[in-house]
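Structure file structure14.tsv; described as TSV, C-alpha atoms.
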chain	number	residue	atom	x	y	z
S	1	MET	CA	56.24	109.62	272.08
S	2	GLU	CA	53.94	112.58	271.87
S	3	LYS	CA	51.68	114.26	274.35
S	4	MET	CA	48.04	114.44	273.44
S	5	LYS	CA	46.26	117.72	273.97
S	6	ALA	CA	42.67	118.87	273.79
S	7	PHE	CA	41.74	122.54	273.50
S	8	THR	CA	38.22	123.98	273.71
S	9	GLU	CA	36.89	127.45	273.15
S	10	TYR	CA	33.47	128.91	272.47
S	11	LEU	CA	32.85	131.74	270.03
S	12	TRP	CA	29.85	134.00	270.59
S	13	PHE	CA	27.91	135.73	267.85
S	14	GLN	CA	25.09	138.23	267.81
S	15	THR	CA	24.48	139.38	264.26
S	16	GLN	CA	22.59	142.57	263.51
S	17	GLU	CA	20.82	141.02	260.53
S	18	ARG	CA	18.68	137.93	260.73
S	19	ARG	CA	20.92	136.24	258.13
S	20	ALA	CA	24.66	136.73	257.88
S	21	LEU	CA	27.94	135.13	256.89
S	22	VAL	CA	30.78	135.94	259.29
S	23	ASN	CA	34.32	135.05	258.22
S	24	ILE	CA	36.00	133.36	261.20
S	25	THR	CA	39.16	132.08	259.48
S	26	GLU	CA	41.53	134.44	261.30
S	27	THR	CA	39.88	133.81	264.64
S	28	LEU	CA	40.30	130.07	264.16
S	29	GLY	CA	43.93	130.54	263.17
S	30	ARG	CA	44.59	132.40	266.40
S	31	LEU	CA	42.92	129.65	268.43
S	32	VAL	CA	45.09	127.00	266.79
S	33	GLU	CA	48.14	129.05	267.75
S	34	LYS	CA	46.84	129.52	271.30
S	35	SER	CA	46.22	125.78	271.64
S	36	GLY	CA	49.86	124.94	271.02
S	37	ILE	CA	48.73	121.94	268.99
S	38	LYS	CA	50.98	121.21	266.02
S	39	GLU	CA	49.26	118.23	264.42
S	40	GLY	CA	45.59	117.48	264.84
S	41	LEU	CA	41.96	118.03	263.96
S	42	CYS	CA	39.96	121.18	264.70
S	43	LEU	CA	36.21	120.75	264.96
S	44	VAL	CA	34.14	123.90	264.39
S	45	SER	CA	30.46	123.30	265.08
S	46	ALA	CA	27.46	125.62	265.36
S	47	MET	CA	25.78	124.85	268.70
S	48	HIS	CA	22.48	126.45	267.72
S	49	ILE	CA	20.28	124.59	265.30
S	50	THR	CA	19.50	127.52	263.03
S	51	ALA	CA	23.14	128.27	262.17
S	52	GLY	CA	25.85	126.42	260.28
S	53	ILE	CA	29.44	126.46	259.06
S	54	TRP	CA	30.44	127.06	255.43
S	55	VAL	CA	33.90	126.51	253.93
S	56	ASN	CA	34.18	128.45	250.71
S	57	ASP	CA	35.33	131.65	249.04
S	58	GLU	CA	35.46	135.18	250.48
S	59	GLU	CA	33.81	136.73	247.42
S	60	PRO	CA	30.82	139.05	247.92
S	61	GLY	CA	28.94	137.95	244.79
S	62	LEU	CA	29.27	134.28	245.68
S	63	LYS	CA	28.09	134.94	249.22
S	64	GLU	CA	24.94	136.55	247.83
S	65	ASP	CA	24.54	133.65	245.40
S	66	LEU	CA	24.72	131.25	248.33
S	67	MET	CA	22.08	133.08	250.33
S	68	ASP	CA	19.73	133.31	247.30
S	69	TRP	CA	20.24	129.62	246.58
S	70	LEU	CA	19.51	128.62	250.17
S	71	GLU	CA	16.35	130.71	250.06
S	72	ARG	CA	15.27	129.04	246.83
S	73	LEU	CA	15.78	125.49	248.18
S	74	ALA	CA	14.71	126.11	251.79
S	75	PRO	CA	12.40	129.12	251.57
S	76	VAL	CA	10.67	131.18	254.18
S	77	SER	CA	7.24	129.55	254.23
S	78	ASP	CA	4.54	128.11	256.48
S	79	TYR	CA	6.01	125.18	258.36
S	80	ARG	CA	4.44	122.84	260.91
S	81	HIS	CA	7.21	123.98	263.25
S	82	HIS	CA	5.51	127.38	263.43
S	83	GLN	CA	2.60	125.87	265.36
S	84	THR	CA	4.95	126.02	268.34
S	85	GLY	CA	5.07	129.81	268.02
S	86	GLU	CA	8.39	129.82	266.19
S	87	ASP	CA	8.78	131.45	262.78
S	88	ASN	CA	12.18	130.04	261.80
S	89	GLY	CA	11.41	126.74	260.09
S	90	ASP	CA	13.35	127.85	257.04
S	91	ALA	CA	16.43	128.49	259.20
S	92	HIS	CA	16.45	124.89	260.48
S	93	LEU	CA	16.34	123.63	256.88
S	94	LYS	CA	18.97	126.09	255.64
S	95	ARG	CA	21.36	124.84	258.35
S	96	THR	CA	20.63	121.28	257.31
S	97	LEU	CA	21.35	122.06	253.67
S	98	LEU	CA	24.55	124.02	254.36
S	99	GLY	CA	25.94	121.78	257.06
S	100	ALA	CA	26.38	122.46	260.75
S	101	GLN	CA	30.11	121.88	261.15
S	102	ALA	CA	33.52	121.44	259.62
S	103	THR	CA	36.60	119.54	260.74
S	104	LEU	CA	39.77	121.37	259.80
S	105	PRO	CA	43.23	119.81	259.62
S	106	VAL	CA	46.03	121.33	261.69
S	107	THR	CA	49.55	120.81	260.31
S	108	ALA	CA	52.80	122.32	261.62
S	109	GLY	CA	50.83	124.45	264.07
S	110	ARG	CA	48.52	126.04	261.49
S	111	LEU	CA	45.18	125.42	259.83
S	112	ASP	CA	46.01	123.42	256.71
S	113	LEU	CA	43.60	125.02	254.23
S	114	GLY	CA	43.49	125.18	250.45
S	115	PRO	CA	44.34	128.47	248.70
S	116	TRP	CA	40.77	129.83	248.73
S	117	GLU	CA	39.26	128.02	251.70
S	118	GLN	CA	37.74	130.47	254.15
S	119	ILE	CA	35.57	129.46	257.11
S	120	PHE	CA	32.24	131.20	257.70
S	121	TYR	CA	29.77	131.18	260.53
S	122	ALA	CA	26.40	131.14	258.75
S	123	GLU	CA	23.55	132.67	260.67
S	124	PHE	CA	19.94	132.14	259.57
S	125	ASP	CA	18.05	133.40	262.62
S	126	GLY	CA	20.25	135.97	264.29
S	127	ARG	CA	19.91	139.09	266.40
S	128	ARG	CA	20.50	137.04	269.54
S	129	ARG	CA	23.53	135.50	271.21
S	130	LYS	CA	24.58	132.15	269.81
S	131	ARG	CA	27.63	129.94	270.20
S	132	VAL	CA	30.07	127.95	268.13
S	133	ILE	CA	32.35	125.37	269.72
S	134	VAL	CA	35.96	125.03	268.59
S	135	LYS	CA	37.57	121.80	269.78
S	136	ILE	CA	41.10	120.93	268.75
S	137	LEU	CA	42.52	117.47	269.40
S	138	GLY	CA	46.14	116.62	268.64
S	139	GLN	CA	49.69	116.89	269.82
E	1	MET	CA	50.97	113.82	279.97
E	2	GLU	CA	47.70	112.22	279.00
E	3	LYS	CA	46.75	108.78	277.83
E	4	MET	CA	45.07	108.56	274.48
E	5	LYS	CA	42.05	106.33	274.18
E	6	ALA	CA	39.91	105.10	271.33
E	7	PHE	CA	36.45	103.65	271.87
E	8	THR	CA	34.28	101.99	269.24
E	9	GLU	CA	30.73	100.74	269.33
E	10	TYR	CA	28.14	99.88	266.70
E	11	LEU	CA	24.46	100.73	267.04
E	12	TRP	CA	21.94	98.55	265.22
E	13	PHE	CA	18.62	99.78	263.88
E	14	GLN	CA	15.67	98.08	262.27
E	15	THR	CA	12.87	100.59	261.85
E	16	GLN	CA	9.29	99.48	261.31
E	17	GLU	CA	8.64	102.27	258.81
E	18	ARG	CA	10.64	102.78	255.66
E	19	ARG	CA	11.49	106.32	256.82
E	20	ALA	CA	12.12	107.32	260.40
E	21	LEU	CA	13.99	109.67	262.69
E	22	VAL	CA	15.32	107.96	265.82
E	23	ASN	CA	16.66	110.16	268.62
E	24	ILE	CA	19.97	108.65	269.76
E	25	THR	CA	21.20	111.49	272.00
E	26	GLU	CA	20.83	109.57	275.27
E	27	THR	CA	22.41	106.45	273.80
E	28	LEU	CA	25.40	108.48	272.67
E	29	GLY	CA	25.68	110.11	276.08
E	30	ARG	CA	25.84	106.68	277.72
E	31	LEU	CA	28.56	105.57	275.29
E	32	VAL	CA	30.66	108.64	276.11
E	33	GLU	CA	30.34	107.76	279.79
E	34	LYS	CA	31.21	104.11	279.10
E	35	SER	CA	34.28	105.15	277.08
E	36	GLY	CA	35.80	106.96	280.04
E	37	ILE	CA	37.00	109.66	277.64
E	38	LYS	CA	36.90	113.14	279.16
E	39	GLU	CA	38.11	115.30	276.26
E	40	GLY	CA	37.79	114.28	272.65
E	41	LEU	CA	35.80	113.91	269.47
E	42	CYS	CA	32.91	111.48	268.94
E	43	LEU	CA	32.24	110.46	265.35
E	44	VAL	CA	28.72	109.17	264.64
E	45	SER	CA	28.41	107.86	261.11
E	46	ALA	CA	25.69	105.89	259.29
E	47	MET	CA	27.38	102.83	257.75
E	48	HIS	CA	24.58	102.21	255.25
E	49	ILE	CA	24.31	104.51	252.30
E	50	THR	CA	20.57	105.14	252.53
E	51	ALA	CA	20.68	106.53	256.07
E	52	GLY	CA	22.17	109.63	257.67
E	53	ILE	CA	22.66	111.62	260.86
E	54	TRP	CA	20.78	114.83	261.68
E	55	VAL	CA	21.60	117.25	264.49
E	56	ASN	CA	18.59	119.38	265.22
E	57	ASP	CA	15.52	119.87	267.37
E	58	GLU	CA	13.30	117.22	269.00
E	59	GLU	CA	10.08	118.88	267.81
E	60	PRO	CA	7.46	116.74	266.05
E	61	GLY	CA	6.34	119.46	263.61
E	62	LEU	CA	9.89	120.22	262.54
E	63	LYS	CA	10.64	116.53	262.04
E	64	GLU	CA	7.67	116.30	259.67
E	65	ASP	CA	8.82	119.49	257.94
E	66	LEU	CA	12.23	117.92	257.44
E	67	MET	CA	10.84	114.75	255.92
E	68	ASP	CA	8.51	116.71	253.60
E	69	TRP	CA	11.38	118.94	252.53
E	70	LEU	CA	13.68	115.99	251.80
E	71	GLU	CA	10.90	114.43	249.72
E	72	ARG	CA	10.46	117.67	247.78
E	73	LEU	CA	14.17	118.04	246.98
E	74	ALA	CA	15.01	114.34	246.57
E	75	PRO	CA	11.70	112.74	245.60
E	76	VAL	CA	10.69	109.15	245.07
E	77	SER	CA	11.01	108.90	241.30
E	78	ASP	CA	12.41	106.80	238.46
E	79	TYR	CA	16.17	106.69	238.82
E	80	ARG	CA	18.82	104.96	236.71
E	81	HIS	CA	19.82	103.16	239.90
E	82	HIS	CA	16.55	101.22	239.69
E	83	GLN	CA	17.80	99.38	236.60
E	84	THR	CA	19.80	97.30	239.09
E	85	GLY	CA	16.55	96.07	240.64
E	86	GLU	CA	16.73	98.54	243.54
E	87	ASP	CA	13.90	101.01	244.23
E	88	ASN	CA	15.66	103.30	246.69
E	89	GLY	CA	17.35	105.92	244.54
E	90	ASP	CA	15.62	108.68	246.48
E	91	ALA	CA	17.05	107.32	249.74
E	92	HIS	CA	20.64	107.64	248.46
E	93	LEU	CA	19.96	111.27	247.55
E	94	LYS	CA	18.14	112.05	250.79
E	95	ARG	CA	21.18	110.78	252.75
E	96	THR	CA	23.42	112.94	250.59
E	97	LEU	CA	21.29	116.02	251.24
E	98	LEU	CA	20.98	115.45	254.99
E	99	GLY	CA	24.54	114.34	255.63
E	100	ALA	CA	25.83	110.94	256.65
E	101	GLN	CA	27.65	111.78	259.86
E	102	ALA	CA	28.34	114.19	262.70
E	103	THR	CA	31.40	114.75	264.86
E	104	LEU	CA	30.41	115.67	268.40
E	105	PRO	CA	32.70	117.34	270.93
E	106	VAL	CA	33.27	115.62	274.28
E	107	THR	CA	34.14	117.97	277.17
E	108	ALA	CA	34.52	117.05	280.85
E	109	GLY	CA	33.27	113.53	280.10
E	110	ARG	CA	30.04	114.57	278.39
E	111	LEU	CA	28.74	115.41	274.93
E	112	ASP	CA	29.20	119.17	274.63
E	113	LEU	CA	25.98	120.09	272.82
E	114	GLY	CA	24.04	123.32	272.43
E	115	PRO	CA	20.78	123.79	274.34
E	116	TRP	CA	18.58	122.29	271.61
E	117	GLU	CA	20.98	120.00	269.78
E	118	GLN	CA	19.62	116.48	269.56
E	119	ILE	CA	21.17	113.71	267.46
E	120	PHE	CA	18.97	111.64	265.16
E	121	TYR	CA	19.54	108.51	263.13
E	122	ALA	CA	17.70	109.23	259.87
E	123	GLU	CA	16.45	106.17	258.03
E	124	PHE	CA	15.28	106.44	254.42
E	125	ASP	CA	15.07	102.75	253.47
E	126	GLY	CA	14.40	100.83	256.64
E	127	ARG	CA	12.69	97.64	257.75
E	128	ARG	CA	16.05	95.84	257.78
E	129	ARG	CA	19.04	95.78	260.10
E	130	LYS	CA	21.49	98.62	259.60
E	131	ARG	CA	24.43	99.94	261.57
E	132	VAL	CA	25.86	103.21	262.84
E	133	ILE	CA	29.45	103.43	264.06
E	134	VAL	CA	30.31	105.49	267.13
E	135	LYS	CA	34.04	106.14	267.43
E	136	ILE	CA	35.37	108.32	270.24
E	137	LEU	CA	38.97	109.49	270.25
E	138	GLY	CA	40.45	111.43	273.14
E	139	GLN	CA	41.87	111.17	276.61
U	1	MET	CA	49.58	103.86	277.48
U	2	GLU	CA	49.43	104.47	273.76
U	3	LYS	CA	51.46	106.63	271.45
U	4	MET	CA	49.53	109.23	269.54
U	5	LYS	CA	50.31	109.61	265.87
U	6	ALA	CA	49.33	112.06	263.18
U	7	PHE	CA	49.73	111.26	259.50
U	8	THR	CA	49.19	113.68	256.61
U	9	GLU	CA	49.17	113.19	252.88
U	10	TYR	CA	47.86	115.17	249.94
U	11	LEU	CA	46.16	113.58	246.94
U	12	TRP	CA	46.34	115.41	243.61
U	13	PHE	CA	43.68	115.23	240.93
U	14	GLN	CA	43.43	116.56	237.42
U	15	THR	CA	40.29	115.20	235.80
U	16	GLN	CA	39.84	115.19	232.03
U	17	GLU	CA	36.17	116.12	232.30
U	18	ARG	CA	34.89	119.19	234.05
U	19	ARG	CA	32.77	117.00	236.35
U	20	ALA	CA	33.82	113.61	237.62
U	21	LEU	CA	33.51	111.14	240.47
U	22	VAL	CA	36.79	109.41	241.31
U	23	ASN	CA	36.68	106.42	243.64
U	24	ILE	CA	39.49	106.87	246.19
U	25	THR	CA	38.56	104.09	248.62
U	26	GLU	CA	41.57	101.87	247.83
U	27	THR	CA	43.95	104.82	247.91
U	28	LEU	CA	42.67	105.78	251.35
U	29	GLY	CA	42.99	102.19	252.54
U	30	ARG	CA	46.64	102.17	251.50
U	31	LEU	CA	47.27	105.44	253.33
U	32	VAL	CA	45.76	104.05	256.52
U	33	GLU	CA	48.11	101.07	256.23
U	34	LYS	CA	51.08	103.35	255.53
U	35	SER	CA	50.25	105.51	258.56
U	36	GLY	CA	50.59	102.58	260.94
U	37	ILE	CA	47.61	103.93	262.88
U	38	LYS	CA	45.40	101.18	264.30
U	39	GLU	CA	42.63	103.18	265.99
U	40	GLY	CA	41.68	106.69	264.97
U	41	LEU	CA	39.89	109.11	262.71
U	42	CYS	CA	40.76	109.81	259.07
U	43	LEU	CA	39.72	113.20	257.72
U	44	VAL	CA	39.38	113.43	253.93
U	45	SER	CA	38.73	116.99	252.80
U	46	ALA	CA	38.66	118.68	249.38
U	47	MET	CA	41.00	121.69	249.58
U	48	HIS	CA	39.48	123.40	246.55
U	49	ILE	CA	36.11	125.00	246.93
U	50	THR	CA	34.56	123.60	243.77
U	51	ALA	CA	35.08	119.94	244.74
U	52	GLY	CA	33.71	117.69	247.48
U	53	ILE	CA	33.71	114.21	249.00
U	54	TRP	CA	30.85	111.73	248.61
U	55	VAL	CA	30.42	108.49	250.57
U	56	ASN	CA	28.05	106.23	248.70
U	57	ASP	CA	27.71	103.33	246.27
U	58	GLU	CA	29.98	102.39	243.35
U	59	GLU	CA	27.06	101.93	240.94
U	60	PRO	CA	27.20	103.67	237.55
U	61	GLY	CA	23.48	104.44	237.35
U	62	LEU	CA	23.44	106.00	240.81
U	63	LYS	CA	26.49	108.10	240.01
U	64	GLU	CA	24.66	109.53	236.99
U	65	ASP	CA	21.56	110.05	239.13
U	66	LEU	CA	23.68	112.02	241.60
U	67	MET	CA	25.17	114.26	238.94
U	68	ASP	CA	21.73	114.91	237.37
U	69	TRP	CA	20.28	115.69	240.78
U	70	LEU	CA	23.08	118.11	241.66
U	71	GLU	CA	22.55	119.85	238.32
U	72	ARG	CA	18.82	120.12	239.01
U	73	LEU	CA	19.28	121.65	242.48
U	74	ALA	CA	22.41	123.72	241.76
U	75	PRO	CA	22.28	124.35	238.01
U	76	VAL	CA	24.68	125.99	235.63
U	77	SER	CA	23.23	129.50	235.49
U	78	ASP	CA	24.08	133.19	235.69
U	79	TYR	CA	25.50	133.88	239.12
U	80	ARG	CA	26.77	137.11	240.68
U	81	HIS	CA	30.05	135.28	241.18
U	82	HIS	CA	30.55	135.40	237.40
U	83	GLN	CA	31.02	139.17	237.54
U	84	THR	CA	34.53	138.33	238.80
U	85	GLY	CA	35.26	136.61	235.48
U	86	GLU	CA	34.62	133.12	236.86
U	87	ASP	CA	32.02	130.81	235.30
U	88	ASN	CA	31.83	128.16	238.02
U	89	GLY	CA	29.17	129.46	240.42
U	90	ASP	CA	27.26	126.20	240.08
U	91	ALA	CA	30.36	124.25	241.15
U	92	HIS	CA	30.59	126.18	244.45
U	93	LEU	CA	26.95	125.36	245.17
U	94	LYS	CA	27.26	121.71	244.12
U	95	ARG	CA	30.16	121.30	246.58
U	96	THR	CA	28.05	122.91	249.29
U	97	LEU	CA	25.14	120.56	248.60
U	98	LEU	CA	27.27	117.40	248.42
U	99	GLY	CA	29.60	118.19	251.30
U	100	ALA	CA	33.29	119.00	251.24
U	101	GLN	CA	34.65	116.31	253.54
U	102	ALA	CA	34.18	113.04	255.37
U	103	THR	CA	35.68	111.70	258.59
U	104	LEU	CA	36.27	107.96	258.36
U	105	PRO	CA	36.77	105.66	261.34
U	106	VAL	CA	39.93	103.54	261.50
U	107	THR	CA	39.61	100.29	263.48
U	108	ALA	CA	42.21	97.52	263.79
U	109	GLY	CA	44.40	99.24	261.21
U	110	ARG	CA	41.72	99.51	258.50
U	111	LEU	CA	39.02	101.89	257.34
U	112	ASP	CA	35.90	100.77	259.19
U	113	LEU	CA	33.30	101.16	256.43
U	114	GLY	CA	29.85	99.70	255.89
U	115	PRO	CA	29.36	97.01	253.24
U	116	TRP	CA	28.64	99.42	250.40
U	117	GLU	CA	30.41	102.57	251.53
U	118	GLN	CA	32.83	103.82	248.90
U	119	ILE	CA	34.60	107.18	249.05
U	120	PHE	CA	34.56	109.48	246.02
U	121	TYR	CA	36.39	112.65	245.13
U	122	ALA	CA	33.70	114.76	243.43
U	123	GLU	CA	34.99	117.26	240.91
U	124	PHE	CA	32.72	120.04	239.63
U	125	ASP	CA	35.27	122.28	237.89
U	126	GLY	CA	38.13	120.08	236.82
U	127	ARG	CA	40.77	119.94	234.09
U	128	ARG	CA	43.31	121.51	236.46
U	129	ARG	CA	45.36	120.27	239.40
U	130	LYS	CA	43.53	120.20	242.71
U	131	ARG	CA	44.25	118.70	246.10
U	132	VAL	CA	42.59	116.65	248.82
U	133	ILE	CA	44.09	116.42	252.29
U	134	VAL	CA	44.07	113.12	254.18
U	135	LYS	CA	44.83	113.55	257.88
U	136	ILE	CA	44.75	110.55	260.19
U	137	LEU	CA	44.89	111.01	263.96
U	138	GLY	CA	45.11	108.07	266.30
U	139	GLN	CA	47.37	105.48	267.83

Would you mind writing the file's structure down as structure tokens?
Amino acid sequence: MEKMKAFTEYLWFQTQERRALVNITETLGRLVEKSGIKEGLCLVSAMHITAGIWVNDEEPGLKEDLMDWLERLAPVSDYRHHQTGEDNGDAHLKRTLLGAQATLPVTAGRLDLGPWEQIFYAEFDGRRRKRVIVKILGQ
Amino acid sequence: MEKMKAFTEYLWFQTQERRALVNITETLGRLVEKSGIKEGLCLVSAMHITAGIWVNDEEPGLKEDLMDWLERLAPVSDYRHHQTGEDNGDAHLKRTLLGAQATLPVTAGRLDLGPWEQIFYAEFDGRRRKRVIVKILGQ
Amino acid sequence: MEKMKAFTEYLWFQTQERRALVNITETLGRLVEKSGIKEGLCLVSAMHITAGIWVNDEEPGLKEDLMDWLERLAPVSDYRHHQTGEDNGDAHLKRTLLGAQATLPVTAGRLDLGPWEQIFYAEFDGRRRKRVIVKILGQ
């Protein structure tokens, strides 16, 4: 019979650029280790609604492709949202397109990722402090 | 050593409009309280394949921006799916674009959301009864 | 007081076509049964970054509509990523658009799906062996 554990930590980001991809794979690996959880699920979720989480390749060209593609499908433009004084309507849509979160498997005390899976914090309206929650549930 | 609990509830929706965004944040908060779970993960998933879940801002302009953007990227059109007699091909694609589900962290007995995170049921082919499952796992 | 269990299995795919949708709903149902878990969450996640998971309808016309739509929004094209020698930039973006994973509720020992929900492995750069992880956490 196994003990159930829950582990929570918050990551803070303040990117220098308005848009950025920050590789957090190693950070997440350390948190899994710190949690002591051997088998479970690790939720990684952007708590601000103009940021997201991307699971893909650490390849500079692809990261530029992603950002260009997001701009093409969810461009900087005039949005109704800007009538509130905001200017980040595109960032809300880019987060929606990319996805706000990922749930990562934990097996034998480690993130159980494919050979090229890397986890990125995706910022679309940065230059201010924003949080990501990491919540691991397991045993 | 902690007890593990699982809590399940189904939310029913029948929107008057074909497309709608229904804020379910307070409903979910009450279910977390009812579950008695203090630490865990709360899955919210649209059980019908022409609806989804959106985590973003309760701002009327942005909600219109979202719906316009979904229509631009996944428009009402002629789809092969309509050869079955259906007319909702766009709604299947809109759900795919938006996302069908969210997993929400539960900390200290409450949904652990960012300052502007609100949870919406997103309906793209309404006017009939449809379900969302809420499943909370934790302790 | 309930026992917590974790169950892990890997599904392997090698599709004959470069792009394919493979219905894995029955396979997942069998794994839930094999796990012995009655109440929990089942994570299904594509471990390769040019594949995803789609939860939608088993209807041939709609499946073609989906693939056409993904091609329209994330087309085969010249991408910076191809300077590495790869030719699958579109497949990375298609996975991003579709989503890489789903978390499925398990209730009373079975996948708790809506009436038309079917789970698909979505391959965008196939003809080689690739994996999906299935991780079920519960009691």

All Cα atoms, paired in order, least squares: that's the fit I need for chain U onto chain E, output as a compact mmCIF listing (two decimals) with C-alpha atoms, in the frame of the given file.
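Done, and the output landed in result.txt:
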# COMPACT_ATOMS: atom_id res chain seq x y z
CA MET U 1 50.96 113.77 279.95
CA GLU U 2 47.67 112.20 279.01
CA LYS U 3 46.74 108.75 277.85
CA MET U 4 45.07 108.56 274.49
CA LYS U 5 42.05 106.32 274.18
CA ALA U 6 39.91 105.10 271.33
CA PHE U 7 36.46 103.64 271.88
CA THR U 8 34.28 101.99 269.24
CA GLU U 9 30.73 100.74 269.32
CA TYR U 10 28.14 99.88 266.70
CA LEU U 11 24.46 100.75 267.04
CA TRP U 12 21.94 98.56 265.21
CA PHE U 13 18.62 99.79 263.88
CA GLN U 14 15.67 98.09 262.28
CA THR U 15 12.87 100.60 261.86
CA GLN U 16 9.28 99.50 261.32
CA GLU U 17 8.63 102.27 258.81
CA ARG U 18 10.63 102.79 255.67
CA ARG U 19 11.52 106.32 256.82
CA ALA U 20 12.13 107.31 260.40
CA LEU U 21 14.00 109.67 262.69
CA VAL U 22 15.34 107.97 265.82
CA ASN U 23 16.67 110.17 268.61
CA ILE U 24 19.98 108.66 269.76
CA THR U 25 21.20 111.50 271.99
CA GLU U 26 20.84 109.58 275.27
CA THR U 27 22.41 106.46 273.80
CA LEU U 28 25.41 108.49 272.67
CA GLY U 29 25.67 110.12 276.08
CA ARG U 30 25.84 106.70 277.71
CA LEU U 31 28.55 105.59 275.30
CA VAL U 32 30.65 108.64 276.10
CA GLU U 33 30.34 107.77 279.79
CA LYS U 34 31.20 104.13 279.11
CA SER U 35 34.28 105.14 277.10
CA GLY U 36 35.80 106.96 280.05
CA ILE U 37 37.01 109.65 277.65
CA LYS U 38 36.92 113.14 279.16
CA GLU U 39 38.13 115.30 276.26
CA GLY U 40 37.80 114.28 272.64
CA LEU U 41 35.81 113.91 269.47
CA CYS U 42 32.93 111.49 268.93
CA LEU U 43 32.24 110.46 265.34
CA VAL U 44 28.73 109.17 264.64
CA SER U 45 28.41 107.84 261.10
CA ALA U 46 25.70 105.88 259.27
CA MET U 47 27.38 102.82 257.73
CA HIS U 48 24.58 102.21 255.24
CA ILE U 49 24.30 104.51 252.30
CA THR U 50 20.57 105.11 252.52
CA ALA U 51 20.67 106.53 256.07
CA GLY U 52 22.18 109.63 257.66
CA ILE U 53 22.67 111.62 260.86
CA TRP U 54 20.79 114.83 261.67
CA VAL U 55 21.61 117.25 264.49
CA ASN U 56 18.58 119.38 265.20
CA ASP U 57 15.51 119.87 267.38
CA GLU U 58 13.29 117.22 269.00
CA GLU U 59 10.06 118.88 267.82
CA PRO U 60 7.45 116.74 266.05
CA GLY U 61 6.32 119.43 263.61
CA LEU U 62 9.88 120.20 262.54
CA LYS U 63 10.63 116.52 262.04
CA GLU U 64 7.67 116.28 259.66
CA ASP U 65 8.81 119.48 257.94
CA LEU U 66 12.23 117.91 257.43
CA MET U 67 10.84 114.73 255.91
CA ASP U 68 8.50 116.71 253.59
CA TRP U 69 11.38 118.93 252.54
CA LEU U 70 13.67 115.99 251.79
CA GLU U 71 10.90 114.43 249.71
CA ARG U 72 10.45 117.68 247.80
CA LEU U 73 14.17 118.05 246.98
CA ALA U 74 15.01 114.35 246.56
CA PRO U 75 11.70 112.73 245.60
CA VAL U 76 10.68 109.15 245.06
CA SER U 77 11.01 108.90 241.29
CA ASP U 78 12.41 106.80 238.46
CA TYR U 79 16.17 106.69 238.82
CA ARG U 80 18.82 104.96 236.72
CA HIS U 81 19.82 103.17 239.90
CA HIS U 82 16.55 101.22 239.69
CA GLN U 83 17.79 99.38 236.61
CA THR U 84 19.81 97.31 239.10
CA GLY U 85 16.56 96.09 240.65
CA GLU U 86 16.72 98.55 243.55
CA ASP U 87 13.89 101.02 244.22
CA ASN U 88 15.64 103.30 246.71
CA GLY U 89 17.35 105.93 244.54
CA ASP U 90 15.61 108.68 246.49
CA ALA U 91 17.04 107.31 249.75
CA HIS U 92 20.63 107.64 248.46
CA LEU U 93 19.95 111.27 247.54
CA LYS U 94 18.15 112.06 250.80
CA ARG U 95 21.19 110.78 252.74
CA THR U 96 23.43 112.95 250.59
CA LEU U 97 21.30 116.03 251.23
CA LEU U 98 20.97 115.46 254.99
CA GLY U 99 24.53 114.34 255.64
CA ALA U 100 25.83 110.93 256.65
CA GLN U 101 27.66 111.78 259.86
CA ALA U 102 28.34 114.20 262.68
CA THR U 103 31.41 114.75 264.85
CA LEU U 104 30.41 115.67 268.40
CA PRO U 105 32.70 117.34 270.92
CA VAL U 106 33.27 115.63 274.28
CA THR U 107 34.15 117.97 277.17
CA ALA U 108 34.52 117.05 280.85
CA GLY U 109 33.28 113.53 280.12
CA ARG U 110 30.04 114.58 278.39
CA LEU U 111 28.76 115.41 274.93
CA ASP U 112 29.20 119.17 274.62
CA LEU U 113 25.97 120.09 272.82
CA GLY U 114 24.04 123.32 272.44
CA PRO U 115 20.76 123.76 274.34
CA TRP U 116 18.56 122.28 271.62
CA GLU U 117 20.96 120.00 269.78
CA GLN U 118 19.62 116.46 269.57
CA ILE U 119 21.17 113.71 267.46
CA PHE U 120 18.98 111.64 265.14
CA TYR U 121 19.55 108.51 263.13
CA ALA U 122 17.71 109.23 259.86
CA GLU U 123 16.44 106.17 258.04
CA PHE U 124 15.29 106.44 254.42
CA ASP U 125 15.06 102.75 253.48
CA GLY U 126 14.40 100.84 256.65
CA ARG U 127 12.68 97.63 257.76
CA ARG U 128 16.04 95.83 257.78
CA ARG U 129 19.04 95.78 260.10
CA LYS U 130 21.49 98.62 259.60
CA ARG U 131 24.43 99.96 261.57
CA VAL U 132 25.87 103.22 262.84
CA ILE U 133 29.45 103.43 264.06
CA VAL U 134 30.33 105.50 267.12
CA LYS U 135 34.06 106.15 267.43
CA ILE U 136 35.37 108.32 270.25
CA LEU U 137 38.99 109.50 270.25
CA GLY U 138 40.44 111.41 273.15
CA GLN U 139 41.87 111.17 276.62

Check: which chain S residues lie within 7 Å of chain U using all atoms listed in the file, as a PyMOL selection string: chain S and resi 1-2+4+39-40+56+61-62+65+97-98+105+113-114+116-117

Counting all atoms listed in the file, the option among U:Asp112, U:Tyr10, U:Ala122, U:Asp87 closest to Asn23 (chain U): U:Ala122

Expected residue set, 12 Å radius at (14.5, 99.6, 258.0), only C-alpha atoms, as a list in words: Trp12, Phe13, Gln14, Thr15, Gln16, Glu17, Arg18, Arg19, Ala20, Leu21, Val22, His48, Thr50, Ala51, Asn88, Ala91, Tyr121, Ala122, Glu123, Phe124, Asp125, Gly126, Arg127, Arg128, Arg129, Lys130 and Arg131 of chain E
